[in-house]
>>> print(open('target-v4.csv').read())   # CSV, C-alpha atoms and all ligand atoms
chain,number,residue,atom,x,y,z
A,655,MET,CA,0.9,97.9,-18.0
A,656,ILE,CA,4.1,96.1,-17.0
A,657,ILE,CA,6.3,99.1,-17.3
A,658,ASN,CA,4.6,100.8,-14.4
A,659,ARG,CA,5.9,98.1,-12.2
A,660,VAL,CA,9.6,98.3,-12.8
A,661,ASP,CA,11.6,101.1,-11.2
A,662,THR,CA,12.3,104.3,-12.9
A,663,ASN,CA,15.7,104.5,-14.2
A,664,LYS,CA,18.7,102.9,-12.7
A,665,VAL,CA,22.2,103.6,-13.9
A,666,PRO,CA,25.4,102.7,-12.1
A,667,VAL,CA,27.4,105.8,-13.2
A,668,ARG,CA,30.6,105.8,-11.2
A,669,VAL,CA,32.5,102.6,-11.8
A,670,LYS,CA,34.5,102.2,-8.6
A,671,ARG,CA,36.3,99.0,-8.5
A,672,VAL,CA,36.1,98.6,-4.7
A,673,LYS,CA,35.7,94.9,-4.9
A,674,GLU,CA,37.5,92.4,-7.1
A,675,ILE,CA,35.7,91.6,-10.3
A,676,ILE,CA,36.2,87.9,-11.1
A,677,ARG,CA,34.0,87.4,-14.2
A,678,GLU,CA,32.3,89.5,-16.8
A,679,THR,CA,29.1,88.5,-18.6
A,680,ASP,CA,26.9,90.3,-21.1
A,681,PHE,CA,24.5,91.2,-18.2
A,682,PHE,CA,26.7,91.7,-15.2
A,683,SER,CA,30.1,91.8,-13.6
A,684,LEU,CA,30.7,89.3,-10.8
A,685,CYS,CA,32.5,90.6,-7.7
A,686,ILE,CA,33.8,88.4,-4.9
A,687,LEU,CA,33.0,89.9,-1.5
A,688,SER,CA,34.1,87.0,0.7
A,689,ASP,CA,34.8,83.3,0.2
A,690,GLY,CA,31.5,82.0,-1.3
A,691,VAL,CA,29.8,85.4,-1.4
A,692,TYR,CA,29.4,87.3,-4.7
A,693,ALA,CA,27.7,90.4,-6.0
A,694,ALA,CA,26.4,90.4,-9.5
A,695,ILE,CA,26.6,94.1,-10.6
A,696,ALA,CA,24.2,94.9,-13.5
A,697,LYS,CA,25.6,96.3,-16.7
A,698,PRO,CA,23.4,99.2,-17.8
A,699,GLY,CA,20.9,98.7,-20.6
A,700,GLN,CA,21.3,94.9,-20.9
A,701,GLY,CA,18.2,93.6,-19.1
A,702,ALA,CA,19.7,92.8,-15.7
A,703,TRP,CA,18.8,96.3,-14.5
A,704,SER,CA,19.4,95.7,-10.8
A,705,ASN,CA,22.1,93.9,-8.8
A,706,ALA,CA,21.9,90.4,-7.4
A,707,GLY,CA,23.7,88.4,-4.8
A,708,ILE,CA,25.1,84.8,-4.7
A,709,VAL,CA,25.7,83.2,-1.3
A,710,ASP,CA,27.1,79.7,-0.8
A,711,LEU,CA,25.4,78.2,2.3
A,712,GLY,CA,27.3,75.0,2.2
A,713,GLU,CA,24.6,72.6,1.0
A,714,GLY,CA,23.5,74.8,-1.8
A,715,LEU,CA,23.2,78.4,-2.9
A,716,LEU,CA,21.0,81.3,-2.0
A,717,ILE,CA,20.3,84.0,-4.7
A,718,PHE,CA,19.3,87.5,-3.8
A,719,ASP,CA,17.0,89.0,-6.4
A,720,SER,CA,16.5,87.6,-10.0
A,721,PHE,CA,17.1,90.6,-12.3
A,722,ALA,CA,14.6,92.2,-14.8
A,723,THR,CA,14.5,89.5,-17.5
A,724,PRO,CA,14.5,85.7,-17.6
A,725,SER,CA,17.5,86.0,-19.9
A,726,ALA,CA,19.6,87.8,-17.3
A,727,GLY,CA,18.2,85.5,-14.6
A,728,TYR,CA,19.3,82.5,-16.6
A,729,GLU,CA,22.8,83.8,-16.8
A,730,LEU,CA,22.8,84.5,-13.1
A,731,ARG,CA,21.9,80.9,-12.2
A,732,LYS,CA,24.3,79.5,-14.8
A,733,GLN,CA,27.2,81.6,-13.5
A,734,ALA,CA,26.4,80.9,-9.8
A,735,GLU,CA,26.2,77.1,-10.3
A,736,ASP,CA,29.2,77.0,-12.5
A,737,LEU,CA,31.3,79.1,-10.1
A,738,THR,CA,30.5,77.0,-7.0
A,739,GLY,CA,29.6,73.6,-8.4
A,740,LYS,CA,26.5,73.8,-6.2
A,741,LYS,CA,22.8,74.1,-7.0
A,742,VAL,CA,20.6,77.0,-6.1
A,743,ARG,CA,18.2,76.2,-3.2
A,744,TYR,CA,16.7,79.6,-2.4
A,745,LEU,CA,15.8,82.8,-4.2
A,746,ILE,CA,15.0,85.9,-2.2
A,747,ASN,CA,12.9,88.7,-3.6
A,748,SER,CA,13.9,92.0,-1.9
A,749,HIS,CA,10.8,93.8,-3.0
A,750,TYR,CA,8.1,93.5,-5.7
A,751,HIS,CA,9.6,95.8,-8.4
A,752,GLY,CA,9.9,94.0,-11.8
A,753,ASP,CA,13.6,94.9,-12.2
A,754,HIS,CA,14.3,92.6,-9.2
A,755,VAL,CA,11.8,89.8,-9.8
A,756,PHE,CA,11.1,89.3,-13.5
A,757,GLY,CA,13.8,86.6,-13.7
A,758,ASN,CA,12.0,84.5,-11.1
A,759,GLN,CA,10.9,81.8,-13.5
A,760,ILE,CA,14.5,80.6,-13.9
A,761,PHE,CA,14.3,79.7,-10.2
A,762,SER,CA,10.9,78.1,-10.1
A,763,ASP,CA,12.3,74.8,-8.9
A,764,THR,CA,13.8,76.5,-5.8
A,765,THR,CA,12.3,77.9,-2.7
A,766,ILE,CA,11.4,81.5,-3.4
A,767,ILE,CA,11.1,83.7,-0.3
A,768,SER,CA,9.8,87.2,0.4
A,769,THR,CA,7.7,89.0,3.0
A,770,SER,CA,4.0,88.3,2.8
A,771,LEU,CA,3.4,92.0,1.9
A,772,THR,CA,5.9,91.8,-1.0
A,773,ARG,CA,4.1,88.7,-2.3
A,774,LYS,CA,0.8,90.6,-2.1
A,775,TRP,CA,2.1,93.7,-4.0
A,776,PHE,CA,3.9,91.4,-6.5
A,777,GLU,CA,0.6,89.5,-7.2
A,778,GLU,CA,-1.6,92.6,-7.3
A,779,ASN,CA,0.7,94.9,-9.4
A,780,ASN,CA,2.8,92.7,-11.7
A,781,LYS,CA,0.0,90.8,-13.5
A,782,ILE,CA,0.3,90.1,-17.3
A,783,VAL,CA,-3.4,89.8,-18.2
A,784,ASP,CA,-3.1,90.0,-22.0
A,785,LEU,CA,0.3,89.5,-23.5
A,786,ASN,CA,-0.5,91.2,-26.8
A,787,GLN,CA,-1.7,94.3,-24.9
A,788,GLU,CA,1.4,94.3,-22.8
A,789,ILE,CA,3.6,94.2,-25.9
A,790,GLU,CA,1.6,97.0,-27.6
A,791,GLU,CA,1.7,99.2,-24.5
A,792,THR,CA,5.4,98.7,-24.1
A,793,GLU,CA,6.1,99.5,-27.7
A,794,GLU,CA,4.0,102.7,-27.3
A,795,TYR,CA,5.9,103.6,-24.2
A,796,LEU,CA,9.2,103.1,-26.0
A,797,LYS,CA,8.1,105.3,-28.8
A,798,LYS,CA,7.2,108.1,-26.4
A,799,LEU,CA,10.5,107.6,-24.6
A,800,LYS,CA,12.4,108.0,-27.8
A,801,GLU,CA,10.6,111.3,-28.6
A,802,GLN,CA,11.4,112.5,-25.1
A,803,ILE,CA,15.1,111.6,-25.5
A,804,GLY,CA,15.1,113.7,-28.7
A,805,VAL,CA,13.9,116.9,-27.0
A,806,THR,CA,15.7,116.6,-23.7
A,807,ALA,CA,18.7,118.9,-23.4
A,808,ASP,CA,20.0,118.1,-19.9
A,809,ARG,CA,22.8,115.6,-20.2
A,810,PHE,CA,22.0,113.5,-17.1
A,811,MET,CA,18.3,113.3,-17.9
A,812,LYS,CA,19.1,112.3,-21.5
A,813,GLU,CA,21.3,109.5,-20.2
A,814,SER,CA,18.7,108.4,-17.7
A,815,LEU,CA,16.0,108.2,-20.4
A,816,THR,CA,18.3,106.4,-22.8
A,817,SER,CA,19.1,103.8,-20.2
A,818,GLN,CA,15.4,103.4,-19.4
A,819,TYR,CA,14.8,102.9,-23.1
A,820,LYS,CA,17.5,100.1,-23.4
A,821,GLU,CA,16.3,98.3,-20.2
A,822,MET,CA,12.6,98.4,-21.3
A,823,SER,CA,13.6,97.2,-24.8
A,824,ALA,CA,15.3,94.1,-23.2
A,825,ILE,CA,12.1,93.5,-21.2
A,826,LEU,CA,10.1,93.8,-24.4
A,827,LYS,CA,12.3,91.2,-26.1
A,828,ASP,CA,11.7,88.7,-23.2
A,829,LEU,CA,8.0,89.5,-22.7
A,830,PRO,CA,6.6,86.6,-25.0
A,831,THR,CA,8.3,84.0,-22.8
A,832,MET,CA,8.0,85.8,-19.4
A,833,LYS,CA,6.1,84.0,-16.7
A,834,LEU,CA,5.6,85.5,-13.3
A,835,VAL,CA,6.6,83.1,-10.5
A,836,PHE,CA,5.6,84.3,-7.0
A,837,PRO,CA,7.4,83.7,-3.7
A,838,ALA,CA,6.0,80.6,-1.9
A,839,VAL,CA,7.7,80.9,1.5
A,840,LEU,CA,6.7,84.0,3.3
A,841,PHE,CA,8.0,85.8,6.4
A,842,GLU,CA,7.2,89.0,8.2
A,843,GLU,CA,10.2,90.7,9.9
A,844,LYS,CA,13.0,88.2,10.2
A,845,LEU,CA,14.1,84.9,8.7
A,846,VAL,CA,17.3,83.2,9.5
A,847,ILE,CA,18.8,80.4,7.3
A,848,GLU,CA,21.5,78.4,9.0
A,849,GLY,CA,23.7,76.7,6.4
A,850,SER,CA,26.6,74.4,7.1
A,851,LYS,CA,29.0,77.0,5.8
A,852,ARG,CA,27.3,80.2,7.0
A,853,LYS,CA,24.3,81.8,8.5
A,854,VAL,CA,22.3,84.5,6.7
A,855,GLU,CA,19.5,86.8,8.0
A,856,LEU,CA,16.7,88.2,6.0
A,857,ASN,CA,15.4,91.4,7.6
A,858,CYS,CA,12.4,93.6,6.9
A,859,PHE,CA,12.4,96.8,9.0
A,860,GLY,CA,9.4,98.1,7.1
A,861,GLY,CA,8.7,99.9,3.8
A,862,GLY,CA,10.6,102.9,2.5
A,863,HIS,CA,11.2,102.4,-1.2
A,864,THR,CA,8.1,100.1,-1.4
A,865,PRO,CA,5.6,99.0,1.2
A,866,SER,CA,8.0,96.2,2.2
A,867,ASP,CA,11.7,96.2,1.7
A,868,THR,CA,13.9,93.2,2.6
A,869,PHE,CA,17.7,93.1,2.9
A,870,LEU,CA,20.1,90.2,3.4
A,871,TYR,CA,22.6,90.4,6.1
A,872,LEU,CA,25.6,88.2,6.6
A,873,PRO,CA,26.7,88.8,10.2
A,874,GLU,CA,30.0,86.9,10.1
A,875,GLU,CA,31.2,88.5,6.8
A,876,LYS,CA,29.5,91.9,7.7
A,877,VAL,CA,27.9,92.1,4.3
A,878,GLY,CA,24.6,93.6,3.4
A,879,PHE,CA,22.7,93.0,0.2
A,880,MET,CA,20.4,96.0,0.5
A,881,GLY,CA,17.9,95.8,-2.4
A,882,ASP,CA,16.7,99.3,-3.2
A,883,LEU,CA,17.1,100.5,0.4
A,884,VAL,CA,20.5,101.7,-0.9
A,885,THR,CA,21.2,102.9,-4.5
A,886,VAL,CA,24.1,104.9,-5.8
A,887,ASP,CA,23.7,108.3,-7.5
A,888,LEU,CA,20.1,107.8,-8.2
A,889,HIS,CA,16.8,109.6,-7.5
A,890,LEU,CA,15.1,106.3,-6.7
A,891,PRO,CA,11.3,106.0,-6.1
A,892,ILE,CA,10.3,106.7,-2.5
A,893,TYR,CA,7.2,105.1,-1.0
A,894,ASP,CA,7.4,106.4,2.6
A,895,PRO,CA,10.2,109.0,3.4
A,896,GLU,CA,9.8,108.8,7.2
A,897,GLU,CA,9.9,105.0,7.4
A,898,PHE,CA,12.7,105.0,4.9
A,899,SER,CA,14.8,107.1,7.2
A,900,THR,CA,13.9,105.0,10.2
A,901,ILE,CA,14.9,101.8,8.4
A,902,LEU,CA,18.3,103.2,7.5
A,903,GLU,CA,18.9,104.3,11.1
A,904,LYS,CA,18.3,100.8,12.2
A,905,VAL,CA,20.4,99.3,9.5
A,906,LYS,CA,23.3,101.6,10.6
A,907,LEU,CA,23.2,99.9,14.0
A,908,LEU,CA,24.2,96.6,12.4
A,909,ASP,CA,27.9,95.8,11.9
A,910,MET,CA,28.1,96.1,8.1
A,911,GLU,CA,31.3,96.7,6.3
A,912,THR,CA,30.3,95.9,2.7
A,913,VAL,CA,27.1,97.4,1.4
A,914,VAL,CA,25.7,96.0,-1.9
A,915,PRO,CA,23.2,98.5,-3.3
A,916,GLY,CA,20.3,97.6,-5.5
A,917,HIS,CA,21.8,99.7,-8.3
A,918,GLY,CA,25.4,100.9,-8.6
A,919,TYR,CA,28.7,99.6,-7.2
A,920,PRO,CA,29.2,98.1,-3.8
A,921,GLY,CA,30.9,100.2,-1.1
A,922,GLY,CA,31.1,100.7,2.6
A,923,ASN,CA,29.0,102.4,5.2
A,924,GLU,CA,29.2,105.7,3.4
A,925,LEU,CA,26.6,104.5,0.9
A,926,LEU,CA,24.1,104.3,3.9
A,927,CYS,CA,25.1,107.8,5.0
A,928,THR,CA,24.6,109.3,1.5
A,929,MET,CA,21.1,107.7,1.3
A,930,GLU,CA,20.3,109.1,4.8
A,931,LYS,CA,21.5,112.6,3.8
A,932,TYR,CA,19.5,112.6,0.6
A,933,LEU,CA,16.3,111.6,2.4
A,934,ALA,CA,17.0,114.3,5.1
A,935,PHE,CA,17.4,116.9,2.4
A,936,LEU,CA,14.1,116.0,0.7
A,937,ILE,CA,12.2,115.8,4.0
A,938,GLY,CA,13.7,119.0,5.5
A,939,LYS,CA,13.1,121.2,2.5
A,940,THR,CA,9.6,119.8,1.9
A,941,LYS,CA,8.5,120.2,5.6
A,942,GLU,CA,9.7,123.8,5.5
A,943,ALA,CA,7.7,124.5,2.3
A,944,VAL,CA,4.5,122.8,3.6
A,945,LYS,CA,4.8,124.8,6.8
A,946,ASN,CA,5.2,128.1,4.9
A,947,ASN,CA,2.3,127.2,2.6
A,948,VAL,CA,4.5,127.3,-0.5
A,949,SER,CA,2.6,125.7,-3.4
A,950,LEU,CA,4.0,122.5,-4.9
A,951,GLU,CA,4.7,124.2,-8.2
A,952,ASP,CA,6.6,127.1,-6.6
A,953,PHE,CA,8.5,124.7,-4.3
A,954,VAL,CA,9.6,122.3,-7.0
A,955,SER,CA,10.6,124.9,-9.6
A,956,ASN,CA,12.3,127.4,-7.2
A,957,LEU,CA,14.3,125.1,-5.0
A,958,GLU,CA,18.0,125.2,-5.5
A,959,ILE,CA,19.3,121.7,-6.0
A,960,PRO,CA,22.8,121.3,-4.4
A,961,ASP,CA,25.6,119.2,-5.9
A,962,PRO,CA,25.9,116.3,-6.3
A,963,TYR,CA,22.2,115.7,-6.7
A,964,THR,CA,22.1,117.6,-10.0
A,965,GLU,CA,24.3,114.8,-11.5
A,966,TRP,CA,22.3,111.9,-10.1
A,967,ARG,CA,20.2,109.8,-12.5
A,968,GLY,CA,16.5,108.9,-12.6
A,969,VAL,CA,13.8,109.5,-15.2
A,970,ASN,CA,11.8,111.6,-12.8
A,971,GLY,CA,14.8,113.5,-11.4
A,972,ILE,CA,14.9,114.9,-7.9
A,973,ARG,CA,11.8,116.9,-8.7
A,974,GLY,CA,9.8,113.7,-9.0
A,975,ASN,CA,10.8,112.8,-5.4
A,976,LEU,CA,10.2,116.3,-4.1
A,977,SER,CA,6.6,116.1,-5.4
A,978,LYS,CA,6.2,112.7,-3.9
A,979,VAL,CA,7.5,113.8,-0.5
A,980,TYR,CA,5.4,117.0,-0.7
A,981,ALA,CA,2.3,115.0,-1.2
A,982,TYR,CA,3.2,112.8,1.8
A,983,TYR,CA,3.5,115.8,4.1
A,984,SER,CA,0.5,117.6,2.7
A,985,GLU,CA,-1.9,114.8,3.5
A,1001,ZN,ZN,12.9,99.1,-6.6
>>> encode(input="target-v4.csv", output="structure tokens", more="lines below")
Ligand SMILES: [Zn+2]
Amino acid sequence: MIINRVDTNKVPVRVKRVKEIIRETDFFSLCILSDGVYAAIAKPGQGAWSNAGIVDLGEGLLIFDSFATPSAGYELRKQAEDLTGKKVRYLINSHYHGDHVFGNQIFSDTTIISTSLTRKWFEENNKIVDLNQEIEETEEYLKKLKEQIGVTADRFMKESLTSQYKEMSAILKDLPTMKLVFPAVLFEEKLVIEGSKRKVELNCFGGGHTPSDTFLYLPEEKVGFMGDLVTVDLHLPIYDPEEFSTILEKVKLLDMETVVPGHGYPGGNELLCTMEKYLAFLIGKTKEAVKNNVSLEDFVSNLEIPDPYTEWRGVNGIRGNLSKVYAYYSE
């Protein structure tokens, strides 16, 4: 079912206007980061679901991630071409999750790029075999979500579930016309695109959030479009906690002044540090529990969760990640 292939909930909660917003659309706010470099920051519950990037290379545009629906992807392309007067030439898929790639069909006439591993996971996990079945399963999922929202007392969990409900409803609306378009140009660790106006670097330092996570780095402008290697106030899904930490360590060695997260508002280096600390917390507590033979059930229910993690969003909460990391170290 297609809903298993989008991320669990993503809500930009703290609206910090660190970058100048130049345009508002139904799906996203457009921030200017540098001349010809823009971040499209998703508005919660509208079907964009994740952030995207627009980079003017000189001869044409590069788009970083295509949002969760063709409707949002269409608006992204329209705004990008209208804003710059140039055509999109490249689309990058940071990782295979649906909330970053379900808008791909809008860019099917451009060169779509990802790592070969992302393409493999995309093809294997995002298939729509039977449209009617997908629609039925999504409707069923939404029904269950609604019930869950009704009985959830915790404010932050309720907000997370509600946002999930809205995003999935937007996907359901677009499902009948959705076509999955896969990346056609593949790389492994690094790909540099030299435009007449600027140079951009695609880097994959491994897989932390998914088996393969790519970020876009603009060395001159010191901007990083991080995909879901960086998110804000969110218990994001973790694929490999150790590798995730190693990737962030390497990213920190780059000269990066503006960090655009996959979900939430752009900031500076502090966003990287917060992610690192979160992972260190999960890893540290879990290792200790595994070493002391504490059962998963006792560990997850008895661990005291420090602020600010209690206020972070995510439909599985921090306990979902603690279970995931526990399984990783128990193997
Ligand atoms: Zn993701």
>>> closest_residue(input="target-v4.csv", among="A:Ser955, A:Asn975, A:Asn747, A:Gln802", to="A:Leu840", atoms="all atoms listed in the file")
A:Asn747
>>> atom_distance(input="target-v4.csv", atom1="atom CA of A:Lys931", atom2="atom CA of A:Val691")
28.9 Å
>>> axis_aligned_box(input="target-v4.csv", around="stretch 672-687 of chain A", padding_each_side="6 Å", output="JSON")
{"center_x": 31.0, "center_y": 93.0, "center_z": -11.3, "size_x": 25.0, "size_y": 23.2, "size_z": 31.6}
>>> residues_around(input="target-v4.csv", residues="A:Asp680", least_positions_apart="4", cutoff="9 Å", atoms="only C-alpha atoms", output="PyMOL selection string")
chain A and resi 697+700+726+729
>>> residues_near_ligand(input="target-v4.csv", ligand="ligand ZN 1001 (chain A)", cutoff="8 Å", atoms="only C-alpha atoms and all ligand atoms", output="short mmCIF file (atom, residue, chain, number, x, y, z; two decimals) with C-alpha atoms, keeping the file's coordinate frame")
data_model
loop_
_atom_site.label_atom_id
_atom_site.label_comp_id
_atom_site.auth_asym_id
_atom_site.auth_seq_id
_atom_site.Cartn_x
_atom_site.Cartn_y
_atom_site.Cartn_z
CA VAL A 660 9.60 98.30 -12.80
CA ASP A 661 11.60 101.10 -11.20
CA HIS A 749 10.80 93.80 -3.00
CA TYR A 750 8.10 93.50 -5.70
CA HIS A 751 9.60 95.80 -8.40
CA GLY A 752 9.90 94.00 -11.80
CA ASP A 753 13.60 94.90 -12.20
CA HIS A 754 14.30 92.60 -9.20
CA HIS A 863 11.20 102.40 -1.20
CA THR A 864 8.10 100.10 -1.40
CA GLY A 881 17.90 95.80 -2.40
CA ASP A 882 16.70 99.30 -3.20
CA LEU A 890 15.10 106.30 -6.70
CA PRO A 891 11.30 106.00 -6.10
CA GLY A 916 20.30 97.60 -5.50
#
>>> closest_residue(input="target-v4.csv", among="A:Ser823, A:Thr769, A:Thr928, A:Thr723", to="A:Val886", atoms="all atoms listed in the file")
A:Thr928
>>> residues_around(input="target-v4.csv", residues="A:Asn857", least_positions_apart="3", cutoff="6 Å", atoms="only C-alpha atoms", output="ChimeraX atom specification")
/A:843-844,868-869
>>> write_last_selection(input="target-v4.csv", atoms="C-alpha atoms", output="mmCIF file, in the frame of the given file")
data_model
loop_
_atom_site.group_PDB
_atom_site.id
_atom_site.type_symbol
_atom_site.label_atom_id
_atom_site.label_comp_id
_atom_site.auth_asym_id
_atom_site.auth_seq_id
_atom_site.Cartn_x
_atom_site.Cartn_y
_atom_site.Cartn_z
ATOM 1 C CA GLU A 843 10.200 90.700 9.900
ATOM 2 C CA LYS A 844 13.000 88.200 10.200
ATOM 3 C CA THR A 868 13.900 93.200 2.600
ATOM 4 C CA PHE A 869 17.700 93.100 2.900
#
>>> closest_residue(input="target-v4.csv", among="A:Met832, A:Ser817, A:Lys853, A:Leu845", to="A:Asp710", atoms="only C-alpha atoms")
A:Lys853
>>> residues_around(input="target-v4.csv", residues="A:Lys820", least_positions_apart="5", cutoff="9 Å", atoms="all atoms listed in the file", output="ChimeraX atom specification")
/A:698-701,815,825
>>> write_last_selection(input="target-v4.csv", atoms="C-alpha atoms", output="PDB file, in the frame of the given file")
ATOM      1  CA  PRO A 698      23.400  99.200 -17.800  1.00  0.00           C
ATOM      2  CA  GLY A 699      20.900  98.700 -20.600  1.00  0.00           C
ATOM      3  CA  GLN A 700      21.300  94.900 -20.900  1.00  0.00           C
ATOM      4  CA  GLY A 701      18.200  93.600 -19.100  1.00  0.00           C
ATOM      5  CA  LEU A 815      16.000 108.200 -20.400  1.00  0.00           C
ATOM      6  CA  ILE A 825      12.100  93.500 -21.200  1.00  0.00           C
TER       7      ILE A 825
END
>>> closest_residue(input="target-v4.csv", among="A:Ile937, A:Ile695, A:Ile766, A:Leu888", to="A:Phe810", atoms="all atoms listed in the file")
A:Leu888
>>> residues_around(input="target-v4.csv", residues="A:Glu930", least_positions_apart="3", cutoff="9 Å", atoms="all atoms listed in the file", output="JSON, numbers by chain")
{"A": [898, 899, 902, 903, 925, 926, 927, 933, 934, 935]}
>>> closest_residue(input="target-v4.csv", among="A:Ser748, A:Glu790, A:Val805, A:His917", to="A:Phe841", atoms="only C-alpha atoms")
A:Ser748
>>> residues_around(input="target-v4.csv", residues="A:Tyr744", least_positions_apart="6", cutoff="8 Å", atoms="only C-alpha atoms", output="ChimeraX atom specification")
/A:715-717,764-767
>>> closest_residue(input="target-v4.csv", among="A:Leu957, A:Met822, A:Leu829, A:Leu870", to="A:Glu794", atoms="all atoms listed in the file")
A:Met822
>>> closest_atom_pairs(input="target-v4.csv", of="stretch 831-947 of chain A", to="stretch 772-785 of chain A", cutoff="8 Å", atoms="only C-alpha atoms", output="CSV")
residue,atom,partner,partner_atom,distance
A:Leu834,CA,A:Lys781,CA,7.7
A:Phe836,CA,A:Arg773,CA,6.6
A:Pro837,CA,A:Arg773,CA,6.2
A:Leu840,CA,A:Arg773,CA,7.8
A:Pro865,CA,A:Thr772,CA,7.5
A:Ser866,CA,A:Thr772,CA,5.8
A:Asp867,CA,A:Thr772,CA,7.8
>>> atom_distance(input="target-v4.csv", atom1="atom CA of A:Tyr980", atom2="atom CA of A:Ser704")
27.4 Å
>>> atom_distance(input="target-v4.csv", atom1="atom CA of A:Glu801", atom2="atom CA of A:Ser814")
13.9 Å
